[in-house]
Amino acid sequence: MTPPADNPFSLARYWEQGDAIGHGVAYLLLAMSLASWFFIFAKAFSTWRVRRAAGAVDAFWAAPTLDDGIALLNLADSERVYAPLPLQVRAHAGTNASIAGAMSRDEQIVRVLRQQITRATHRVESGLTLLASIGATAPFVGLLGTVWGIYHALANVSASGAMQIDKVAGPVGESLVMTGFGLVVAIPAVLAYNAFNRFNRVTLAELDGFAHDLRSYFTGK
């Protein structure tokens with residue numbers, strides 16, 4: 001039985017023919033992919049907990065007292081997106097031993113609510129820059145590997161002095177795989193970034209409405 005012929009388009013052959021730059025590009029794409037998927041799973045779990053806590057806002061308004069409502073929010077909101085708003089307003093609005101104490105009660109409440117919304121926004125949007133960066137740069141990193149691989153293949157052909165299609169097609173085809181790897185890394189990052197942005201818009205809209213209702217409750221307006 002004759003042994004199978006070596007596949008000239010195999011990834012193992014491409015890796016053997018690659019140099020330090022080609023290997024570095026591959027390692028960079030692998031690191032970007034691992035970072036992207038780790039963040040996607042972590043952010044998906046965090047987003048699920050935030051969306052689950054959104055229903056506790058209705059329970060807050062159905063509670064018999066403010067303390068009961070805050071307790072319900074604290075129990076449901078493990079990501080601390082909704083719960084800090086009524087808690088911080090009750091704790092800080094109306095204090096006089098500070099510069100903020102010179103404001104009217106209504107102005108203090110607005111300031112505290114705005115501060116908590118800003119913090120919640122930072123919390124729910126944390127890490128999205130990483131996904132956006134990976135989605136935008138991974139195809140170009142893969143293209144860099146492709147260009148370098150093609151240059152490396154043509155340089156070897158030029159050094160050998162023989163122009164044969166089978167000597168060029170294999171290395172060039174293997175180099176194009178790097179473009180595919182770049183897309184494989186970028187596409188999940190872009191899709192996840194868009195999905196998380198959509199969930200964040202819904203969450204921040206609900207948070208803004210909650211803050212407006214809290215201002216009406218605490219000021220009586």
# chains A, B, ... in the order shown; residues from 1 in each chain; ligands from 1
call {"tool": "residues_around", "arguments": {"residues": "stretch 182-187 of chain A", "least_positions_apart": "4", "cutoff": "10 Å", "atoms": "only C-alpha atoms", "output": "VMD selection string"}}
result
chain A and resid 25 to 26 29 to 34 36 to 37 131 to 146 177 to 178 191 to 193
call {"tool": "write_last_selection", "arguments": {"atoms": "N, CA, C and O atoms", "output": "short mmCIF file (atom, residue, chain, number, x, y, z; two decimals), in the first residue's frame"}}
result
data_model
loop_
_atom_site.label_atom_id
_atom_site.label_comp_id
_atom_site.auth_asym_id
_atom_site.auth_seq_id
_atom_site.Cartn_x
_atom_site.Cartn_y
_atom_site.Cartn_z
N VAL A 25 1.80 36.75 13.49
CA VAL A 25 0.44 37.15 13.10
C VAL A 25 -0.57 36.10 13.54
O VAL A 25 -1.66 36.43 14.04
N ALA A 26 -0.22 34.83 13.37
CA ALA A 26 -1.13 33.76 13.76
C ALA A 26 -1.36 33.76 15.27
O ALA A 26 -2.49 33.60 15.75
N LEU A 29 -3.68 36.67 16.16
CA LEU A 29 -5.08 36.37 15.87
C LEU A 29 -5.66 35.40 16.89
O LEU A 29 -6.83 35.53 17.30
N LEU A 30 -4.86 34.43 17.32
CA LEU A 30 -5.33 33.49 18.33
C LEU A 30 -5.61 34.21 19.64
O LEU A 30 -6.65 33.97 20.29
N ALA A 31 -4.72 35.11 20.04
CA ALA A 31 -4.93 35.87 21.28
C ALA A 31 -6.17 36.75 21.17
O ALA A 31 -6.96 36.86 22.13
N MET A 32 -6.37 37.39 20.03
CA MET A 32 -7.56 38.22 19.84
C MET A 32 -8.82 37.38 19.90
O MET A 32 -9.84 37.81 20.48
N SER A 33 -8.78 36.19 19.32
CA SER A 33 -9.96 35.32 19.34
C SER A 33 -10.28 34.87 20.77
O SER A 33 -11.45 34.90 21.19
N LEU A 34 -9.27 34.46 21.53
CA LEU A 34 -9.49 34.03 22.90
C LEU A 34 -10.04 35.17 23.76
O LEU A 34 -10.97 34.98 24.55
N SER A 36 -11.68 37.79 22.70
CA SER A 36 -13.02 38.11 22.24
C SER A 36 -14.05 37.14 22.80
O SER A 36 -15.08 37.56 23.35
N TRP A 37 -13.78 35.84 22.72
CA TRP A 37 -14.75 34.86 23.21
C TRP A 37 -14.88 34.88 24.72
O TRP A 37 -15.99 34.69 25.25
N LEU A 131 -14.28 44.67 22.03
CA LEU A 131 -14.95 43.96 20.94
C LEU A 131 -14.92 44.77 19.65
O LEU A 131 -14.68 44.22 18.56
N ALA A 132 -15.17 46.06 19.76
CA ALA A 132 -15.15 46.91 18.57
C ALA A 132 -13.76 46.93 17.94
O ALA A 132 -13.62 46.87 16.71
N SER A 133 -12.73 47.00 18.77
CA SER A 133 -11.36 47.04 18.25
C SER A 133 -10.99 45.73 17.57
O SER A 133 -10.38 45.72 16.49
N ILE A 134 -11.37 44.60 18.18
CA ILE A 134 -11.06 43.31 17.57
C ILE A 134 -11.83 43.14 16.27
O ILE A 134 -11.27 42.69 15.26
N GLY A 135 -13.10 43.51 16.27
CA GLY A 135 -13.90 43.39 15.05
C GLY A 135 -13.37 44.26 13.92
O GLY A 135 -13.48 43.89 12.74
N ALA A 136 -12.80 45.41 14.26
CA ALA A 136 -12.31 46.32 13.23
C ALA A 136 -10.92 45.96 12.73
O ALA A 136 -10.60 46.19 11.56
N THR A 137 -10.07 45.40 13.60
CA THR A 137 -8.67 45.21 13.23
C THR A 137 -8.32 43.78 12.82
O THR A 137 -7.34 43.58 12.11
N ALA A 138 -9.10 42.79 13.28
CA ALA A 138 -8.75 41.39 12.98
C ALA A 138 -8.64 41.11 11.48
O ALA A 138 -7.71 40.42 11.04
N PRO A 139 -9.57 41.61 10.62
CA PRO A 139 -9.40 41.34 9.18
C PRO A 139 -8.10 41.92 8.62
O PRO A 139 -7.47 41.30 7.75
N PHE A 140 -7.69 43.07 9.12
CA PHE A 140 -6.46 43.68 8.61
C PHE A 140 -5.23 42.93 9.12
O PHE A 140 -4.22 42.84 8.41
N VAL A 141 -5.31 42.40 10.34
CA VAL A 141 -4.20 41.58 10.84
C VAL A 141 -4.08 40.32 9.99
O VAL A 141 -2.97 39.91 9.61
N GLY A 142 -5.22 39.70 9.67
CA GLY A 142 -5.18 38.53 8.79
C GLY A 142 -4.67 38.88 7.41
O GLY A 142 -3.92 38.10 6.79
N LEU A 143 -5.06 40.04 6.90
CA LEU A 143 -4.57 40.47 5.59
C LEU A 143 -3.07 40.71 5.62
O LEU A 143 -2.37 40.42 4.63
N LEU A 144 -2.56 41.22 6.73
CA LEU A 144 -1.12 41.40 6.87
C LEU A 144 -0.41 40.05 6.76
O LEU A 144 0.62 39.93 6.07
N GLY A 145 -0.96 39.03 7.42
CA GLY A 145 -0.37 37.69 7.31
C GLY A 145 -0.42 37.16 5.89
O GLY A 145 0.52 36.50 5.42
N THR A 146 -1.52 37.46 5.19
CA THR A 146 -1.65 37.01 3.80
C THR A 146 -0.61 37.69 2.90
O THR A 146 0.07 37.03 2.11
N VAL A 177 -5.26 31.71 3.75
CA VAL A 177 -5.96 31.21 4.94
C VAL A 177 -5.93 32.25 6.06
O VAL A 177 -6.86 32.35 6.86
N MET A 178 -4.86 33.05 6.13
CA MET A 178 -4.76 34.05 7.17
C MET A 178 -5.87 35.08 7.08
O MET A 178 -6.38 35.56 8.10
N LEU A 191 -20.71 40.84 15.65
CA LEU A 191 -22.09 40.45 15.96
C LEU A 191 -22.38 40.62 17.45
O LEU A 191 -23.45 41.11 17.83
N ALA A 192 -21.43 40.22 18.30
CA ALA A 192 -21.64 40.38 19.74
C ALA A 192 -21.69 41.85 20.14
O ALA A 192 -22.52 42.25 20.97
N TYR A 193 -20.84 42.67 19.54
CA TYR A 193 -20.85 44.10 19.84
C TYR A 193 -22.21 44.72 19.50
O TYR A 193 -22.75 45.50 20.31
#
call {"tool": "closest_residue", "arguments": {"among": "A:Arg119, A:His23, A:Arg201, A:Arg114", "to": "A:Thr47", "atoms": "only C-alpha atoms"}}
result
A:Arg201
call {"tool": "residues_around", "arguments": {"residues": "A:Asp19", "least_positions_apart": "6", "cutoff": "10 Å", "atoms": "only C-alpha atoms", "output": "list in words"}}
result
Trp148, Gly149 and His152 of chain A
call {"tool": "atom_distance", "arguments": {"atom1": "atom CA of A:Ala54", "atom2": "atom CA of A:Gly127"}}
result
21.2 Å
call {"tool": "closest_residue", "arguments": {"among": "A:Phe218, A:Phe45, A:Ala63, A:Ala120", "to": "A:Arg105", "atoms": "only C-alpha atoms"}}
result
A:Phe218
call {"tool": "residues_around", "arguments": {"residues": "A:Lys43", "least_positions_apart": "4", "cutoff": "9 Å", "atoms": "only C-alpha atoms", "output": "list in words"}}
result
Phe38, Phe39, Thr47, Trp48, Val124, Ser126, Gly127 and Phe196 of chain A
call {"tool": "write_last_selection", "arguments": {"atoms": "C-alpha atoms", "output": "compact mmCIF listing (two decimals), in the first residue's frame"}}
result
# COMPACT_ATOMS: atom_id res chain seq x y z
CA PHE A 38 -13.88 35.24 26.88
CA PHE A 39 -15.43 38.70 26.94
CA THR A 47 -26.24 41.20 30.42
CA TRP A 48 -28.55 38.32 31.28
CA VAL A 124 -22.95 48.14 31.25
CA SER A 126 -17.43 48.29 29.91
CA GLY A 127 -15.38 46.20 27.51
CA PHE A 196 -24.73 44.06 23.43
call {"tool": "closest_residue", "arguments": {"among": "A:Ala205, A:Arg111, A:Gly22, A:Gly55", "to": "A:Leu176", "atoms": "only C-alpha atoms"}}
result
A:Gly22
call {"tool": "residues_around", "arguments": {"residues": "A:Thr121", "least_positions_apart": "3", "cutoff": "10 Å", "atoms": "only C-alpha atoms", "output": "count of residues only"}}
result
13
call {"tool": "atom_distance", "arguments": {"atom1": "atom CA of A:His92", "atom2": "atom CA of A:Leu214"}}
result
14.0 Å
call {"tool": "atom_distance", "arguments": {"atom1": "atom CA of A:Ala76", "atom2": "atom CA of A:Ala53"}}
result
5.3 Å
call {"tool": "decode", "arguments": {"residues": "stretch 145-159 of chain A", "atoms": "all heavy atoms", "output": "PDB file, in the first residue's frame"}}
result
ATOM      1  N   GLY A 145      -0.955  39.027   7.415  1.00  0.00           N
ATOM      2  CA  GLY A 145      -0.372  37.694   7.307  1.00  0.00           C
ATOM      3  C   GLY A 145      -0.420  37.164   5.888  1.00  0.00           C
ATOM      4  O   GLY A 145       0.518  36.502   5.424  1.00  0.00           O
ATOM      5  N   THR A 146      -1.522  37.458   5.186  1.00  0.00           N
ATOM      6  CA  THR A 146      -1.649  37.011   3.800  1.00  0.00           C
ATOM      7  C   THR A 146      -0.615  37.688   2.903  1.00  0.00           C
ATOM      8  O   THR A 146       0.069  37.031   2.106  1.00  0.00           O
ATOM      9  CB  THR A 146      -3.060  37.305   3.279  1.00  0.00           C
ATOM     10  OG1 THR A 146      -4.006  36.556   4.051  1.00  0.00           O
ATOM     11  CG2 THR A 146      -3.195  36.927   1.817  1.00  0.00           C
ATOM     12  N   VAL A 147      -0.503  38.996   3.028  1.00  0.00           N
ATOM     13  CA  VAL A 147       0.446  39.740   2.203  1.00  0.00           C
ATOM     14  C   VAL A 147       1.878  39.270   2.468  1.00  0.00           C
ATOM     15  O   VAL A 147       2.664  39.055   1.532  1.00  0.00           O
ATOM     16  CB  VAL A 147       0.303  41.255   2.457  1.00  0.00           C
ATOM     17  CG1 VAL A 147       1.432  42.017   1.772  1.00  0.00           C
ATOM     18  CG2 VAL A 147      -1.051  41.744   1.968  1.00  0.00           C
ATOM     19  N   TRP A 148       2.190  39.093   3.742  1.00  0.00           N
ATOM     20  CA  TRP A 148       3.550  38.655   4.060  1.00  0.00           C
ATOM     21  C   TRP A 148       3.804  37.231   3.555  1.00  0.00           C
ATOM     22  O   TRP A 148       4.896  36.919   3.071  1.00  0.00           O
ATOM     23  CB  TRP A 148       3.785  38.728   5.555  1.00  0.00           C
ATOM     24  CG  TRP A 148       5.192  38.327   5.920  1.00  0.00           C
ATOM     25  CD1 TRP A 148       5.599  37.152   6.473  1.00  0.00           C
ATOM     26  CD2 TRP A 148       6.363  39.107   5.743  1.00  0.00           C
ATOM     27  NE1 TRP A 148       6.948  37.145   6.649  1.00  0.00           N
ATOM     28  CE2 TRP A 148       7.459  38.343   6.209  1.00  0.00           C
ATOM     29  CE3 TRP A 148       6.600  40.390   5.237  1.00  0.00           C
ATOM     30  CZ2 TRP A 148       8.760  38.802   6.183  1.00  0.00           C
ATOM     31  CZ3 TRP A 148       7.907  40.851   5.202  1.00  0.00           C
ATOM     32  CH2 TRP A 148       8.970  40.065   5.663  1.00  0.00           C
ATOM     33  N   GLY A 149       2.807  36.373   3.665  1.00  0.00           N
ATOM     34  CA  GLY A 149       2.968  35.006   3.169  1.00  0.00           C
ATOM     35  C   GLY A 149       3.170  34.960   1.671  1.00  0.00           C
ATOM     36  O   GLY A 149       3.995  34.177   1.162  1.00  0.00           O
ATOM     37  N   ILE A 150       2.410  35.755   0.926  1.00  0.00           N
ATOM     38  CA  ILE A 150       2.575  35.803  -0.528  1.00  0.00           C
ATOM     39  C   ILE A 150       3.954  36.351  -0.893  1.00  0.00           C
ATOM     40  O   ILE A 150       4.630  35.833  -1.798  1.00  0.00           O
ATOM     41  CB  ILE A 150       1.452  36.650  -1.158  1.00  0.00           C
ATOM     42  CG1 ILE A 150       0.100  35.943  -0.989  1.00  0.00           C
ATOM     43  CG2 ILE A 150       1.734  36.913  -2.632  1.00  0.00           C
ATOM     44  CD1 ILE A 150      -1.072  36.757  -1.467  1.00  0.00           C
ATOM     45  N   TYR A 151       4.354  37.403  -0.207  1.00  0.00           N
ATOM     46  CA  TYR A 151       5.700  37.947  -0.457  1.00  0.00           C
ATOM     47  C   TYR A 151       6.767  36.899  -0.169  1.00  0.00           C
ATOM     48  O   TYR A 151       7.726  36.734  -0.942  1.00  0.00           O
ATOM     49  CB  TYR A 151       5.918  39.181   0.418  1.00  0.00           C
ATOM     50  CG  TYR A 151       7.359  39.626   0.476  1.00  0.00           C
ATOM     51  CD1 TYR A 151       7.931  40.325  -0.579  1.00  0.00           C
ATOM     52  CD2 TYR A 151       8.149  39.318   1.587  1.00  0.00           C
ATOM     53  CE1 TYR A 151       9.268  40.716  -0.534  1.00  0.00           C
ATOM     54  CE2 TYR A 151       9.478  39.706   1.638  1.00  0.00           C
ATOM     55  CZ  TYR A 151      10.027  40.406   0.581  1.00  0.00           C
ATOM     56  OH  TYR A 151      11.345  40.777   0.623  1.00  0.00           O
ATOM     57  N   HIS A 152       6.606  36.179   0.916  1.00  0.00           N
ATOM     58  CA  HIS A 152       7.575  35.146   1.279  1.00  0.00           C
ATOM     59  C   HIS A 152       7.615  34.046   0.212  1.00  0.00           C
ATOM     60  O   HIS A 152       8.701  33.557  -0.156  1.00  0.00           O
ATOM     61  CB  HIS A 152       7.192  34.563   2.640  1.00  0.00           C
ATOM     62  CG  HIS A 152       8.236  33.707   3.267  1.00  0.00           C
ATOM     63  ND1 HIS A 152       9.459  34.180   3.657  1.00  0.00           N
ATOM     64  CD2 HIS A 152       8.239  32.369   3.558  1.00  0.00           C
ATOM     65  CE1 HIS A 152      10.172  33.195   4.179  1.00  0.00           C
ATOM     66  NE2 HIS A 152       9.448  32.083   4.126  1.00  0.00           N
ATOM     67  N   ALA A 153       6.431  33.641  -0.292  1.00  0.00           N
ATOM     68  CA  ALA A 153       6.378  32.592  -1.321  1.00  0.00           C
ATOM     69  C   ALA A 153       7.031  33.054  -2.617  1.00  0.00           C
ATOM     70  O   ALA A 153       7.804  32.309  -3.242  1.00  0.00           O
ATOM     71  CB  ALA A 153       4.923  32.193  -1.565  1.00  0.00           C
ATOM     72  N   LEU A 154       6.739  34.279  -3.036  1.00  0.00           N
ATOM     73  CA  LEU A 154       7.322  34.784  -4.277  1.00  0.00           C
ATOM     74  C   LEU A 154       8.831  34.976  -4.144  1.00  0.00           C
ATOM     75  O   LEU A 154       9.584  34.772  -5.107  1.00  0.00           O
ATOM     76  CB  LEU A 154       6.656  36.103  -4.669  1.00  0.00           C
ATOM     77  CG  LEU A 154       5.174  36.003  -5.038  1.00  0.00           C
ATOM     78  CD1 LEU A 154       4.613  37.381  -5.365  1.00  0.00           C
ATOM     79  CD2 LEU A 154       4.959  35.053  -6.208  1.00  0.00           C
ATOM     80  N   ALA A 155       9.277  35.362  -2.948  1.00  0.00           N
ATOM     81  CA  ALA A 155      10.712  35.504  -2.739  1.00  0.00           C
ATOM     82  C   ALA A 155      11.413  34.157  -2.864  1.00  0.00           C
ATOM     83  O   ALA A 155      12.511  34.067  -3.438  1.00  0.00           O
ATOM     84  CB  ALA A 155      10.972  36.121  -1.361  1.00  0.00           C
ATOM     85  N   ASN A 156      10.781  33.099  -2.352  1.00  0.00           N
ATOM     86  CA  ASN A 156      11.377  31.768  -2.480  1.00  0.00           C
ATOM     87  C   ASN A 156      11.421  31.311  -3.928  1.00  0.00           C
ATOM     88  O   ASN A 156      12.393  30.692  -4.380  1.00  0.00           O
ATOM     89  CB  ASN A 156      10.580  30.767  -1.642  1.00  0.00           C
ATOM     90  CG  ASN A 156      10.761  30.978  -0.151  1.00  0.00           C
ATOM     91  OD1 ASN A 156      11.736  31.592   0.283  1.00  0.00           O
ATOM     92  ND2 ASN A 156       9.811  30.485   0.629  1.00  0.00           N
ATOM     93  N   VAL A 157      10.362  31.602  -4.688  1.00  0.00           N
ATOM     94  CA  VAL A 157      10.342  31.237  -6.104  1.00  0.00           C
ATOM     95  C   VAL A 157      11.424  31.996  -6.864  1.00  0.00           C
ATOM     96  O   VAL A 157      12.131  31.445  -7.714  1.00  0.00           O
ATOM     97  CB  VAL A 157       8.953  31.519  -6.709  1.00  0.00           C
ATOM     98  CG1 VAL A 157       8.980  31.366  -8.233  1.00  0.00           C
ATOM     99  CG2 VAL A 157       7.917  30.581  -6.109  1.00  0.00           C
ATOM    100  N   SER A 158      11.566  33.286  -6.525  1.00  0.00           N
ATOM    101  CA  SER A 158      12.589  34.085  -7.196  1.00  0.00           C
ATOM    102  C   SER A 158      13.992  33.568  -6.881  1.00  0.00           C
ATOM    103  O   SER A 158      14.871  33.540  -7.746  1.00  0.00           O
ATOM    104  CB  SER A 158      12.465  35.545  -6.771  1.00  0.00           C
ATOM    105  OG  SER A 158      13.488  36.337  -7.333  1.00  0.00           O
ATOM    106  N   ALA A 159      14.198  33.138  -5.652  1.00  0.00           N
ATOM    107  CA  ALA A 159      15.516  32.626  -5.277  1.00  0.00           C
ATOM    108  C   ALA A 159      15.833  31.308  -5.966  1.00  0.00           C
ATOM    109  O   ALA A 159      16.991  31.024  -6.300  1.00  0.00           O
ATOM    110  CB  ALA A 159      15.598  32.465  -3.765  1.00  0.00           C
TER     111      ALA A 159
END
